[in-house]
$ cat final07.txt   # compact mmCIF, C-alpha atoms
# COMPACT_ATOMS: atom_id res chain seq x y z
CA MET A 1 0.60 91.49 -10.75
CA ARG A 2 3.55 89.17 -10.89
CA ILE A 3 3.46 88.69 -7.10
CA ARG A 4 -0.25 87.89 -7.32
CA LYS A 5 0.42 85.29 -10.03
CA LEU A 6 3.22 83.79 -7.98
CA ARG A 7 0.96 83.65 -4.93
CA THR A 8 -1.76 81.92 -6.97
CA LEU A 9 0.68 79.41 -8.40
CA TRP A 10 2.11 78.70 -4.93
CA PHE A 11 -1.37 78.18 -3.52
CA LEU A 12 -2.31 75.81 -6.37
CA ALA A 13 0.92 73.81 -5.89
CA LEU A 14 0.19 73.49 -2.20
CA LEU A 15 -3.32 72.31 -2.97
CA VAL A 16 -2.17 69.62 -5.43
CA SER A 17 0.60 68.28 -3.20
CA SER A 18 -1.75 68.13 -0.22
CA GLY A 19 -4.24 66.13 -2.27
CA ALA A 20 -1.55 63.63 -3.30
CA ALA A 21 -0.31 63.20 0.26
CA LEU A 22 -3.83 62.53 1.49
CA ALA A 23 -4.67 59.92 -1.28
CA ASP A 24 -5.39 56.50 0.29
CA ASP A 25 -4.43 53.05 -0.76
CA THR A 26 -7.45 50.98 -1.78
CA ARG A 27 -8.63 47.73 -0.28
CA TYR A 28 -10.38 45.25 -2.56
CA LEU A 29 -12.71 42.64 -1.08
CA ILE A 30 -13.15 40.13 -3.90
CA ARG A 31 -15.54 37.19 -4.19
CA VAL A 32 -14.10 34.16 -5.95
CA ASP A 33 -15.74 30.84 -6.80
CA GLY A 34 -14.12 27.41 -7.03
CA LEU A 35 -11.77 27.90 -4.10
CA ALA A 36 -12.01 24.95 -1.69
CA CYS A 37 -8.56 23.97 -0.45
CA PRO A 38 -5.52 25.70 1.10
CA LEU A 39 -3.10 24.71 -1.67
CA CYS A 40 -5.42 26.31 -4.24
CA ALA A 41 -5.07 29.68 -2.47
CA PHE A 42 -1.37 29.88 -3.32
CA SER A 43 -2.04 30.19 -7.05
CA ILE A 44 -4.23 33.24 -6.36
CA GLU A 45 -1.60 34.84 -4.13
CA ARG A 46 1.00 34.25 -6.80
CA GLN A 47 -1.05 36.00 -9.48
CA PHE A 48 -1.62 39.04 -7.22
CA LYS A 49 2.05 39.28 -6.23
CA ASN A 50 2.89 39.53 -9.94
CA THR A 51 0.44 42.43 -10.36
CA GLU A 52 1.91 45.93 -10.30
CA GLY A 53 0.68 48.13 -7.49
CA VAL A 54 -0.48 45.31 -5.23
CA ILE A 55 0.92 45.43 -1.69
CA PRO A 56 2.28 41.86 -1.33
CA ASP A 57 1.83 41.48 2.44
CA SER A 58 -1.80 42.57 2.20
CA ILE A 59 -3.06 39.48 0.35
CA GLN A 60 -5.42 37.45 2.51
CA VAL A 61 -7.53 34.49 1.46
CA ASP A 62 -10.61 33.41 3.41
CA LEU A 63 -11.70 29.92 2.38
CA ALA A 64 -14.91 29.85 4.40
CA GLU A 65 -16.13 33.14 2.88
CA GLY A 66 -14.74 32.50 -0.61
CA ARG A 67 -13.10 35.91 -0.45
CA VAL A 68 -9.75 37.47 -1.21
CA GLN A 69 -8.65 40.76 0.38
CA VAL A 70 -5.86 42.74 -1.24
CA ASP A 71 -4.61 46.32 -0.92
CA VAL A 72 -3.23 48.36 -3.80
CA ARG A 73 -1.23 51.57 -3.85
CA ALA A 74 -2.91 54.90 -4.39
CA GLY A 75 -3.59 55.51 -8.05
CA VAL A 76 -3.80 51.81 -8.92
CA THR A 77 -7.09 50.33 -10.05
CA LEU A 78 -8.03 46.67 -10.45
CA SER A 79 -10.77 46.55 -13.06
CA ASP A 80 -13.31 43.77 -13.45
CA GLU A 81 -11.57 42.72 -16.66
CA MET A 82 -8.19 42.52 -14.94
CA LEU A 83 -9.58 40.52 -12.03
CA ASP A 84 -11.50 38.19 -14.34
CA GLU A 85 -8.28 37.40 -16.23
CA LEU A 86 -6.20 37.12 -13.05
CA PHE A 87 -8.51 34.56 -11.44
CA ARG A 88 -8.93 32.66 -14.71
CA ASP A 89 -5.12 32.37 -14.96
CA ALA A 90 -5.09 31.06 -11.40
CA GLY A 91 -7.77 28.49 -12.32
CA PHE A 92 -10.79 30.04 -10.58
CA THR A 93 -13.78 32.29 -11.28
CA TYR A 94 -14.07 35.97 -10.37
CA ARG A 95 -17.52 37.01 -9.12
CA GLY A 96 -17.29 40.59 -7.93
CA LYS A 97 -15.58 43.17 -5.75
CA VAL A 98 -16.14 45.90 -3.18
CA THR A 99 -13.56 48.60 -2.52
CA GLU A 100 -12.82 50.79 0.45
CA PRO A 101 -10.04 53.22 1.30
CA VAL A 102 -7.23 52.09 3.53
CA ALA A 103 -5.86 54.45 6.16
CA PRO A 104 -2.20 55.27 5.38
CA ASP A 105 -0.79 53.65 8.55
CA GLU A 106 -2.61 50.30 7.89
CA ASP A 107 -0.28 49.50 4.99
CA ALA A 108 2.84 50.95 6.58
CA MET B 1 11.82 -16.59 -13.41
CA ARG B 2 8.34 -15.67 -14.38
CA ASN B 3 7.48 -12.18 -15.34
CA ARG B 4 6.05 -9.77 -12.85
CA ARG B 5 6.53 -6.55 -14.75
CA ALA B 6 2.97 -5.54 -15.44
CA LEU B 7 1.71 -5.65 -11.85
CA ALA B 8 4.42 -3.45 -10.46
CA THR B 9 4.09 -1.00 -13.33
CA ALA B 10 0.38 -0.67 -12.76
CA ALA B 11 1.01 0.08 -9.11
CA GLY B 12 2.89 3.18 -10.17
CA PHE B 13 0.84 4.10 -13.21
CA ILE B 14 0.28 7.81 -12.77
CA SER B 15 1.82 10.11 -10.27
CA ALA B 16 -0.83 12.68 -9.56
CA ILE B 17 0.52 15.93 -8.25
CA ALA B 18 -1.89 18.79 -8.71
CA SER B 19 -3.46 20.49 -5.71
CA ALA B 20 -5.34 18.33 -3.26
CA ALA B 21 -4.83 15.26 -5.35
CA PRO B 22 -5.49 11.74 -4.15
CA VAL B 23 -2.47 9.48 -3.62
CA THR B 24 -3.02 6.72 -6.21
CA LEU B 25 -4.86 8.64 -8.94
CA ASP B 26 -4.90 12.11 -10.47
CA THR B 27 -7.20 15.07 -9.90
CA ALA B 28 -8.65 17.70 -12.23
CA LEU B 29 -7.90 20.59 -9.82
CA PRO B 30 -5.90 23.41 -11.39
CA VAL B 31 -2.25 24.33 -11.57
CA GLY B 32 -2.23 28.12 -12.01
CA GLU B 33 -0.55 29.77 -15.00
CA GLY B 34 3.20 29.97 -14.41
CA GLN B 35 2.94 27.92 -11.24
CA TYR B 36 5.04 24.86 -10.49
CA ILE B 37 4.11 21.96 -8.29
CA THR B 38 6.41 19.08 -7.47
CA ARG B 39 5.81 15.73 -5.81
CA PHE B 40 8.12 13.17 -4.26
CA GLN B 41 6.60 9.81 -3.45
CA PHE B 42 8.17 6.64 -2.06
CA ARG B 43 6.42 3.28 -2.43
CA ASP B 44 7.26 -0.10 -0.96
CA ALA B 45 5.33 -3.00 -2.49
CA GLU B 46 5.40 -6.68 -1.57
CA LEU B 47 4.11 -9.35 -3.91
CA THR B 48 3.89 -13.13 -3.76
CA GLU B 49 3.61 -15.75 -6.49
CA SER B 50 1.57 -18.45 -4.79
CA ASP B 51 2.59 -21.45 -6.96
CA SER B 52 6.33 -21.13 -6.41
CA GLY B 53 6.31 -19.12 -3.19
CA MET B 54 8.52 -16.49 -4.75
CA ARG B 55 8.39 -13.13 -2.98
CA MET B 56 9.07 -9.86 -4.72
CA ARG B 57 9.65 -6.39 -3.38
CA ARG B 58 9.56 -3.20 -5.41
CA SER B 59 10.63 0.08 -3.82
CA PRO B 60 10.49 3.00 -6.26
CA GLY B 61 10.87 6.65 -5.45
CA ILE B 62 9.01 8.85 -7.90
CA ALA B 63 9.77 12.52 -8.62
CA ALA B 64 7.18 14.48 -10.58
CA LEU B 65 6.90 18.11 -11.67
CA GLY B 66 3.86 19.98 -12.97
CA TYR B 67 3.69 23.37 -14.65
CA GLY B 68 0.65 25.52 -15.39
CA ILE B 69 0.73 26.61 -19.04
CA ARG B 70 -2.67 28.25 -18.57
CA GLY B 71 -5.26 28.11 -15.85
CA ASP B 72 -6.89 25.18 -17.70
CA LEU B 73 -3.83 23.48 -19.19
CA ALA B 74 -0.92 21.88 -17.37
CA VAL B 75 2.03 19.67 -18.31
CA PHE B 76 3.53 17.01 -16.03
CA VAL B 77 6.67 14.88 -16.06
CA ALA B 78 7.53 11.97 -13.77
CA LEU B 79 10.60 9.79 -13.35
CA PRO B 80 10.97 6.82 -11.00
CA TYR B 81 14.13 5.44 -9.44
CA GLY B 82 14.05 2.32 -7.42
CA ARG B 83 15.09 -1.13 -6.44
CA GLN B 84 13.38 -4.43 -7.05
CA ARG B 85 14.30 -7.84 -5.74
CA ALA B 86 13.04 -11.39 -5.83
CA ASP B 87 13.67 -14.16 -3.31
CA MET B 88 12.88 -17.84 -3.59
CA GLY B 89 14.68 -20.21 -1.31
CA GLU B 90 18.40 -19.73 -1.81
CA MET B 91 17.87 -17.63 -4.92
CA HIS B 92 18.16 -13.86 -4.56
CA ARG B 93 18.18 -11.50 -7.52
CA SER B 94 17.88 -7.71 -7.58
CA ALA B 95 18.33 -4.61 -9.71
CA ARG B 96 18.17 -0.88 -9.24
CA GLY B 97 18.06 2.15 -11.47
CA PHE B 98 15.93 4.76 -13.16
CA GLY B 99 12.65 3.60 -14.62
CA ASP B 100 10.75 4.94 -17.63
CA ALA B 101 9.94 8.65 -17.83
CA ARG B 102 6.39 9.85 -18.35
CA ILE B 103 5.19 13.17 -19.72
CA TRP B 104 1.55 14.17 -20.13
CA LEU B 105 -0.80 17.08 -20.73
CA ARG B 106 -4.02 17.66 -18.81
CA TRP B 107 -6.66 20.04 -20.15
CA THR B 108 -9.72 21.12 -18.17
CA THR B 109 -12.64 21.16 -20.58
CA ILE B 110 -15.46 21.63 -18.08
CA GLN B 111 -15.28 23.93 -15.06
CA ARG B 112 -18.26 24.79 -12.88
CA ASP B 113 -17.37 26.98 -9.90
CA ALA B 114 -19.53 28.06 -7.00
CA ALA B 115 -18.79 29.54 -3.59
CA GLY B 116 -16.50 27.04 -1.82
CA ALA B 117 -17.09 24.37 -4.46
CA THR B 118 -16.02 23.29 -7.91
CA PHE B 119 -16.55 20.59 -10.53
CA ARG B 120 -13.85 19.94 -13.12
CA PHE B 121 -13.56 17.49 -16.01
CA ALA B 122 -10.16 17.03 -17.63
CA PRO B 123 -8.92 14.67 -20.33
CA PHE B 124 -5.22 13.84 -20.30
CA VAL B 125 -2.82 12.28 -22.78
CA GLY B 126 0.83 11.33 -22.53
CA VAL B 127 3.72 9.08 -23.42
CA GLU B 128 5.98 6.81 -21.45
CA TRP B 129 9.51 6.70 -22.79
CA PRO B 130 11.83 3.73 -22.15
CA THR B 131 14.57 5.65 -20.32
CA GLY B 132 15.06 2.77 -17.90
CA ASP B 133 17.56 0.01 -18.44
CA ASP B 134 15.93 -3.22 -19.69
CA GLN B 135 19.13 -5.30 -19.96
CA GLN B 136 20.55 -5.36 -16.44
CA ARG B 137 22.52 -8.47 -15.52
CA ASP B 138 23.74 -10.10 -12.36
CA ASP B 139 26.04 -13.08 -11.65
CA ASP B 140 23.32 -15.39 -12.95
CA GLY B 141 23.00 -13.56 -16.25
CA LEU B 142 20.34 -11.35 -17.79
CA LEU B 143 17.63 -10.43 -15.29
CA PRO B 144 14.04 -11.26 -16.24
CA PRO B 145 11.66 -8.47 -17.36
CA SER B 146 10.06 -8.40 -13.91
CA LEU B 147 13.28 -7.14 -12.32
CA GLN B 148 14.41 -4.75 -15.05
CA PRO B 149 14.13 -1.04 -14.12
CA GLY B 150 12.86 -0.21 -17.59
CA GLY B 151 9.64 -1.36 -19.20
CA GLY B 152 11.08 -2.45 -22.54
CA GLY B 153 9.34 -0.26 -25.07
CA PRO B 154 7.51 3.06 -25.35
CA GLY B 155 3.90 3.53 -24.42
CA ALA B 156 1.08 5.99 -24.93
CA PHE B 157 -1.67 6.63 -22.46
CA GLY B 158 -4.75 8.72 -22.03
CA GLY B 159 -7.85 9.10 -19.96
CA VAL B 160 -10.28 11.41 -18.23
CA ILE B 161 -10.64 12.70 -14.70
CA ALA B 162 -13.68 14.20 -12.97
CA THR B 163 -13.35 16.06 -9.67
CA TRP B 164 -16.01 17.37 -7.31
CA GLN B 165 -14.57 19.47 -4.51
CA ARG B 166 -16.19 21.25 -1.60
CA LEU B 167 -14.73 22.64 1.58
CA THR B 168 -15.59 19.46 3.50
CA TRP B 169 -15.16 16.66 0.92
CA GLN B 170 -13.73 15.76 -2.46
CA VAL B 171 -14.46 13.00 -4.98
CA ASP B 172 -12.17 12.12 -7.89
CA LEU B 173 -12.96 9.59 -10.64
CA GLN B 174 -10.47 8.51 -13.26
CA ALA B 175 -10.51 6.20 -16.29
CA ALA B 176 -7.24 5.54 -18.12
CA HIS B 177 -5.75 3.26 -20.75
CA GLN B 178 -2.15 2.63 -21.77
CA ARG B 179 -0.86 0.76 -24.81
CA ASN B 180 2.77 -0.32 -24.96
CA ARG B 181 5.11 -1.32 -27.73
CA SER B 182 7.76 -3.94 -27.28
CA GLY B 183 11.39 -2.90 -27.16
CA ASP B 184 14.30 -5.02 -28.27
CA HIS B 185 13.72 -7.54 -25.49
CA PHE B 186 10.22 -7.30 -24.09
CA GLY B 187 7.16 -5.10 -23.77
CA LYS B 188 4.49 -4.57 -21.15
CA GLY B 189 0.90 -5.51 -21.75
CA THR B 190 -1.87 -2.95 -22.10
CA VAL B 191 -3.28 -1.49 -18.91
CA THR B 192 -6.84 -0.27 -18.39
CA ARG B 193 -7.85 1.12 -15.05
CA PHE B 194 -10.72 2.76 -13.25
CA ASP B 195 -9.98 4.63 -10.05
CA ALA B 196 -12.07 6.41 -7.45
CA SER B 197 -11.22 8.51 -4.43
CA ILE B 198 -13.28 10.08 -1.71
CA GLN B 199 -11.73 12.40 0.84
CA ARG B 200 -13.22 14.16 3.83
CA ARG B 201 -11.83 17.02 5.90
CA LEU B 202 -11.17 15.66 9.37
CA TRP B 203 -9.73 18.88 10.78
CA PRO B 204 -10.62 21.65 11.32
CA VAL B 205 -14.07 20.34 12.09
CA ARG B 206 -15.55 23.79 11.55
CA LEU B 207 -14.09 26.31 9.14
CA GLU B 208 -14.10 29.67 10.84
CA GLY B 209 -12.16 31.87 8.49
CA GLY B 210 -8.70 32.56 7.16
CA LEU B 211 -6.54 29.89 5.58
CA PRO B 212 -5.99 26.97 7.94
CA GLY B 213 -4.32 23.72 6.95
CA PHE B 214 -6.60 20.74 6.28
CA LEU B 215 -6.25 17.18 7.57
CA LEU B 216 -7.95 14.91 5.01
CA GLY B 217 -8.86 11.26 5.40
CA GLY B 218 -9.74 9.22 2.35
CA LEU B 219 -10.45 5.90 0.67
CA GLU B 220 -9.17 5.10 -2.81
CA PHE B 221 -10.22 2.23 -5.06
CA ASN B 222 -8.18 0.99 -8.02
CA TYR B 223 -9.52 -1.51 -10.56
CA ILE B 224 -6.76 -2.59 -12.95
CA ARG B 225 -6.85 -4.86 -15.99
CA GLU B 226 -3.42 -5.82 -17.30
CA GLY B 227 -2.58 -7.54 -20.53
CA ARG B 228 0.20 -10.09 -20.76
CA THR B 229 3.83 -9.09 -21.13
CA ARG B 230 5.41 -10.01 -24.46
CA VAL B 231 8.91 -11.43 -24.73
CA GLY B 232 10.26 -11.88 -28.22
CA GLY B 233 6.77 -11.47 -29.58
CA ASP B 234 5.27 -14.20 -27.40
CA ALA B 235 2.87 -13.43 -24.57
CA LEU B 236 3.96 -14.67 -21.17
CA THR B 237 1.12 -16.75 -19.74
CA SER B 238 2.18 -15.97 -16.18
CA SER B 239 1.51 -12.26 -16.40
CA GLY B 240 -1.40 -9.90 -16.35
CA GLY B 241 -4.82 -10.25 -14.82
CA ASN B 242 -7.46 -8.20 -13.01
CA ARG B 243 -7.09 -6.58 -9.61
CA LEU B 244 -9.10 -4.48 -7.21
CA TRP B 245 -7.21 -2.58 -4.54
CA LEU B 246 -8.21 -0.37 -1.62
CA SER B 247 -6.12 2.37 0.01
CA PRO B 248 -6.95 4.28 3.18
CA THR B 249 -5.16 7.63 2.97
CA LEU B 250 -4.20 10.60 5.12
CA GLN B 251 -3.07 14.01 3.89
CA TRP B 252 -2.10 17.28 5.53
CA VAL B 253 -2.73 20.12 3.06
CA SER B 254 -1.34 23.60 3.73
CA ARG B 255 -0.94 26.68 1.55
CA ARG B 256 2.45 25.66 0.12
CA TRP B 257 2.93 21.93 0.81
CA VAL B 258 1.21 18.61 1.32
CA ALA B 259 2.27 15.53 3.30
CA GLU B 260 0.59 12.24 2.35
CA ALA B 261 0.48 8.58 3.32
CA ALA B 262 -1.46 5.55 2.10
CA TYR B 263 -1.61 1.82 2.68
CA THR B 264 -2.78 -0.26 -0.30
CA PHE B 265 -4.07 -3.80 0.07
CA PRO B 266 -5.96 -6.09 -2.31
CA LEU B 267 -9.73 -6.47 -2.11
CA ASN B 268 -9.80 -8.96 -4.98
CA GLU B 269 -6.95 -10.40 -6.99
CA ASN B 270 -7.58 -12.42 -10.14
CA PRO B 271 -4.17 -12.69 -11.79
CA ASN B 272 -3.49 -15.00 -14.71
CA PRO B 273 -2.05 -18.37 -13.57
CA GLY B 274 1.51 -17.91 -12.33
CA ALA B 275 1.31 -14.13 -12.12
CA PRO B 276 2.03 -12.60 -8.72
CA GLU B 277 -0.46 -11.15 -6.29
CA LEU B 278 -0.11 -7.96 -4.34
CA ASP B 279 0.36 -8.31 -0.59
CA ARG B 280 0.53 -4.62 0.32
CA VAL B 281 2.00 -1.26 -0.59
CA TRP B 282 3.12 1.53 1.74
CA VAL B 283 3.16 5.01 0.21
CA VAL B 284 4.54 8.21 1.72
CA GLY B 285 5.11 11.48 -0.06
CA ALA B 286 5.13 15.25 -0.13
CA ARG B 287 4.17 17.99 -2.57
CA PHE B 288 5.47 21.57 -2.82
CA THR B 289 4.24 24.44 -4.92
CA PHE B 290 6.15 27.54 -6.03

$ encode --input "final07.txt" --output "structure tokens"
Amino acid sequence: MRIRKLRTLWFLALLVSSGAALADDTRYLIRVDGLACPLCAFSIERQFKNTEGVIPDSIQVDLAEGRVQVDVRAGVTLSDEMLDELFRDAGFTYRGKVTEPVAPDEDA
Amino acid sequence: MRNRRALATAAGFISAIASAAPVTLDTALPVGEGQYITRFQFRDAELTESDSGMRMRRSPGIAALGYGIRGDLAVFVALPYGRQRADMGEMHRSARGFGDARIWLRWTTIQRDAAGATFRFAPFVGVEWPTGDDQQRDDDGLLPPSLQPGGGGPGAFGGVIATWQRLTWQVDLQAAHQRNRSGDHFGKGTVTRFDASIQRRLWPVRLEGGLPGFLLGGLEFNYIREGRTRVGGDALTSSGGNRLWLSPTLQWVSRRWVAEAAYTFPLNENPNPGAPELDRVWVVGARFTF
């Protein structure tokens, strides 16, 4: 009985640790309005770099598309409320986001 | 020597530093919360007083710093340091030193954002403090107000700015007014001005993605009405007047810094009798954000 319990516990531990190892970082593709010059992009980058969980080197601003791409660590979520406040602090307007998983080696 | 204070002061009225600002007026574009932006600008102005033939040269360097208190509220400070000289025949007089410091708040009250475009409207209000020396002397005695680094007394100013910005062009409009009190020796006249700037992206011709630097070409118009300088409570007749200036400009705007240049020349000068007229101003500068 004890051996069976130990086997079950070991199997559950293996399952949980495997799930954690396979969790992906998340890529956010964010639409922002009001962005029309290169110098303006820096204020957005600065706000994201001060946000916990954001991978600093992942921040990319596309002026023509009015879009910001940023990756965050597994387990971190950027809510609409957080993004609305972040872009307002930078001086711009948040419009919406799309998320997708990032393969582990992309952010390595 | 007749006074030439007001003209030269108006030439350096406000040192705009936020974002893709024009060179001779301010912009309503944002300074992000917690963000700093600094500007260093050097100007070289030549003026002539036609009756006497006196030539003046004013060469101030201006350092300015802006800080974003909130996304819609920013504070700015500016301090000039420069040299001014006057030559007439065998007479040569000059002075150098720090000028008067300026501090002002700018608050964006209207913000309309769209994809790749924005409209902002921002009132501003500030004070000019007489940190500059207004009692410099040379071998010939006390220098006249026109050559003193300081402006005499404190001043208060305010105005509004409207900015339309798109990825290919930008328009800024500004209206401002400054009232000055006399110090112990003299005081500048009031200044009212209306300024306009239009800029167009010259390069890249087509925006294909990412974050390239922009080369901007522009034209800036400055209409300035100056009141007479007061010395000992009396208004100097040979000061003040109305002026309309034009400045072609070039700017390189990148993610962290801006390089700028402008050449200002008069379109129409209507100074009061005996007051000097602007010949030209060269302006070069740079901005950095962090």

$ atom_distance --input "final07.txt" --atom1 "CA of Pro30 (chain B)" --atom2 "CA of Arg201 (chain B)"
19.4 Å

$ atom_distance --input "final07.txt" --atom1 "CA of Ile59 (chain A)" --atom2 "CA of Phe288 (chain B)"
20.1 Å

$ closest_residue --input "final07.txt" --among "A:Val72, A:Ala36, A:Val102, A:Leu6" --to "chain B" --atoms "only C-alpha atoms"
A:Ala36

$ residues_around --input "final07.txt" --residues "Asp84 (chain A)" --least-positions-apart "6" --cutoff "12 Å" --atoms "all atoms listed in the file" --output "VMD selection string"
(chain A and resid 30 to 33 44 47 78 90 to 97) or (chain B and resid 71)

$ closest_atom_pairs --input "final07.txt" --of "chain B" --to "chain A" --cutoff "9 Å" --atoms "all atoms listed in the file" --output "JSON lines"
{"residue": "B:Ser19", "atom": "CA", "partner": "A:Leu39", "partner_atom": "CA", "distance": 5.9}
{"residue": "B:Ala20", "atom": "CA", "partner": "A:Leu39", "partner_atom": "CA", "distance": 6.9}
{"residue": "B:Leu29", "atom": "CA", "partner": "A:Gly91", "partner_atom": "CA", "distance": 8.3}
{"residue": "B:Pro30", "atom": "CA", "partner": "A:Gly91", "partner_atom": "CA", "distance": 5.5}
{"residue": "B:Val31", "atom": "CA", "partner": "A:Gly91", "partner_atom": "CA", "distance": 7.0}
{"residue": "B:Gly32", "atom": "CA", "partner": "A:Ala90", "partner_atom": "CA", "distance": 4.1}
{"residue": "B:Glu33", "atom": "CA", "partner": "A:Asp89", "partner_atom": "CA", "distance": 5.3}
{"residue": "B:Gly34", "atom": "CA", "partner": "A:Asp89", "partner_atom": "CA", "distance": 8.7}
{"residue": "B:Gln35", "atom": "CA", "partner": "A:Ser43", "partner_atom": "CA", "distance": 6.9}
{"residue": "B:Gly68", "atom": "CA", "partner": "A:Ala90", "partner_atom": "CA", "distance": 8.9}
{"residue": "B:Arg70", "atom": "CA", "partner": "A:Asp89", "partner_atom": "CA", "distance": 6.0}
{"residue": "B:Gly71", "atom": "CA", "partner": "A:Gly91", "partner_atom": "CA", "distance": 4.3}
{"residue": "B:Asp72", "atom": "CA", "partner": "A:Gly91", "partner_atom": "CA", "distance": 6.4}
{"residue": "B:Gln111", "atom": "CA", "partner": "A:Phe92", "partner_atom": "CA", "distance": 8.8}
{"residue": "B:Arg112", "atom": "CA", "partner": "A:Gly34", "partner_atom": "CA", "distance": 7.6}
{"residue": "B:Asp113", "atom": "CA", "partner": "A:Gly34", "partner_atom": "CA", "distance": 4.4}
{"residue": "B:Ala114", "atom": "CA", "partner": "A:Asp33", "partner_atom": "CA", "distance": 4.7}
{"residue": "B:Ala115", "atom": "CA", "partner": "A:Asp33", "partner_atom": "CA", "distance": 4.6}
{"residue": "B:Gly116", "atom": "CA", "partner": "A:Ala36", "partner_atom": "CA", "distance": 5.0}
{"residue": "B:Ala117", "atom": "CA", "partner": "A:Gly34", "partner_atom": "CA", "distance": 5.0}
{"residue": "B:Thr118", "atom": "CA", "partner": "A:Gly34", "partner_atom": "CA", "distance": 4.6}
{"residue": "B:Phe119", "atom": "CA", "partner": "A:Gly34", "partner_atom": "CA", "distance": 8.0}
{"residue": "B:Gln165", "atom": "CA", "partner": "A:Ala36", "partner_atom": "CA", "distance": 6.7}
{"residue": "B:Arg166", "atom": "CA", "partner": "A:Ala36", "partner_atom": "CA", "distance": 5.6}
{"residue": "B:Leu167", "atom": "CA", "partner": "A:Ala36", "partner_atom": "CA", "distance": 4.8}
{"residue": "B:Thr168", "atom": "CA", "partner": "A:Ala36", "partner_atom": "CA", "distance": 8.4}
{"residue": "B:Leu207", "atom": "CA", "partner": "A:Ala64", "partner_atom": "CA", "distance": 6.0}
{"residue": "B:Glu208", "atom": "CA", "partner": "A:Ala64", "partner_atom": "CA", "distance": 6.5}
{"residue": "B:Gly209", "atom": "CA", "partner": "A:Ala64", "partner_atom": "CA", "distance": 5.3}
{"residue": "B:Gly210", "atom": "CA", "partner": "A:Asp62", "partner_atom": "CA", "distance": 4.3}
{"residue": "B:Leu211", "atom": "CA", "partner": "A:Asp62", "partner_atom": "CA", "distance": 5.8}
{"residue": "B:Pro212", "atom": "CA", "partner": "A:Pro38", "partner_atom": "CA", "distance": 7.0}
{"residue": "B:Gly213", "atom": "CA", "partner": "A:Pro38", "partner_atom": "CA", "distance": 6.3}
{"residue": "B:Phe214", "atom": "CA", "partner": "A:Pro38", "partner_atom": "CA", "distance": 7.3}
{"residue": "B:Val253", "atom": "CA", "partner": "A:Pro38", "partner_atom": "CA", "distance": 6.5}
{"residue": "B:Ser254", "atom": "CA", "partner": "A:Pro38", "partner_atom": "CA", "distance": 5.4}
{"residue": "B:Arg255", "atom": "CA", "partner": "A:Leu39", "partner_atom": "CA", "distance": 4.3}
{"residue": "B:Arg256", "atom": "CA", "partner": "A:Leu39", "partner_atom": "CA", "distance": 5.9}
{"residue": "B:Trp257", "atom": "CA", "partner": "A:Leu39", "partner_atom": "CA", "distance": 7.1}
{"residue": "B:Val258", "atom": "CA", "partner": "A:Leu39", "partner_atom": "CA", "distance": 8.0}
{"residue": "B:Thr289", "atom": "CA", "partner": "A:Phe42", "partner_atom": "CA", "distance": 8.0}
{"residue": "B:Phe290", "atom": "CA", "partner": "A:Phe42", "partner_atom": "CA", "distance": 8.3}

$ residues_around --input "final07.txt" --residues "Arg96 (chain B)" --least-positions-apart "4" --cutoff "7 Å" --atoms "all atoms listed in the file" --output "JSON, numbers by chain"
{"B": [82, 83, 84, 149]}

$ atom_distance --input "final07.txt" --atom1 "CA of Gly159 (chain B)" --atom2 "CA of Asn222 (chain B)"
14.4 Å

$ closest_residue --input "final07.txt" --among "B:Pro80, B:Gly217, B:Gly232, B:Gly89" --to "Gly152 (chain B)" --atoms "all atoms listed in the file"
B:Gly232

$ residues_around --input "final07.txt" --residues "Ala95 (chain B)" --least-positions-apart "4" --cutoff "12 Å" --atoms "only C-alpha atoms" --output "PDB file with C-alpha atoms, in the frame of the given file"
ATOM      1  CA  MET B  56       9.070  -9.860  -4.720  1.00  0.00           C
ATOM      2  CA  ARG B  57       9.650  -6.390  -3.380  1.00  0.00           C
ATOM      3  CA  ARG B  58       9.560  -3.200  -5.410  1.00  0.00           C
ATOM      4  CA  SER B  59      10.630   0.080  -3.820  1.00  0.00           C
ATOM      5  CA  PRO B  60      10.490   3.000  -6.260  1.00  0.00           C
ATOM      6  CA  TYR B  81      14.130   5.440  -9.440  1.00  0.00           C
ATOM      7  CA  GLY B  82      14.050   2.320  -7.420  1.00  0.00           C
ATOM      8  CA  ARG B  83      15.090  -1.130  -6.440  1.00  0.00           C
ATOM      9  CA  GLN B  84      13.380  -4.430  -7.050  1.00  0.00           C
ATOM     10  CA  ARG B  85      14.300  -7.840  -5.740  1.00  0.00           C
ATOM     11  CA  ALA B  86      13.040 -11.390  -5.830  1.00  0.00           C
ATOM     12  CA  GLY B  99      12.650   3.600 -14.620  1.00  0.00           C
ATOM     13  CA  GLY B 132      15.060   2.770 -17.900  1.00  0.00           C
ATOM     14  CA  ASP B 133      17.560   0.010 -18.440  1.00  0.00           C
ATOM     15  CA  ASP B 134      15.930  -3.220 -19.690  1.00  0.00           C
ATOM     16  CA  GLN B 135      19.130  -5.300 -19.960  1.00  0.00           C
ATOM     17  CA  GLN B 136      20.550  -5.360 -16.440  1.00  0.00           C
ATOM     18  CA  ARG B 137      22.520  -8.470 -15.520  1.00  0.00           C
ATOM     19  CA  ASP B 138      23.740 -10.100 -12.360  1.00  0.00           C
ATOM     20  CA  ASP B 139      26.040 -13.080 -11.650  1.00  0.00           C
ATOM     21  CA  LEU B 142      20.340 -11.350 -17.790  1.00  0.00           C
ATOM     22  CA  LEU B 143      17.630 -10.430 -15.290  1.00  0.00           C
ATOM     23  CA  PRO B 144      14.040 -11.260 -16.240  1.00  0.00           C
ATOM     24  CA  PRO B 145      11.660  -8.470 -17.360  1.00  0.00           C
ATOM     25  CA  SER B 146      10.060  -8.400 -13.910  1.00  0.00           C
ATOM     26  CA  LEU B 147      13.280  -7.140 -12.320  1.00  0.00           C
ATOM     27  CA  GLN B 148      14.410  -4.750 -15.050  1.00  0.00           C
ATOM     28  CA  PRO B 149      14.130  -1.040 -14.120  1.00  0.00           C
ATOM     29  CA  GLY B 150      12.860  -0.210 -17.590  1.00  0.00           C
TER      30      GLY B 150
END
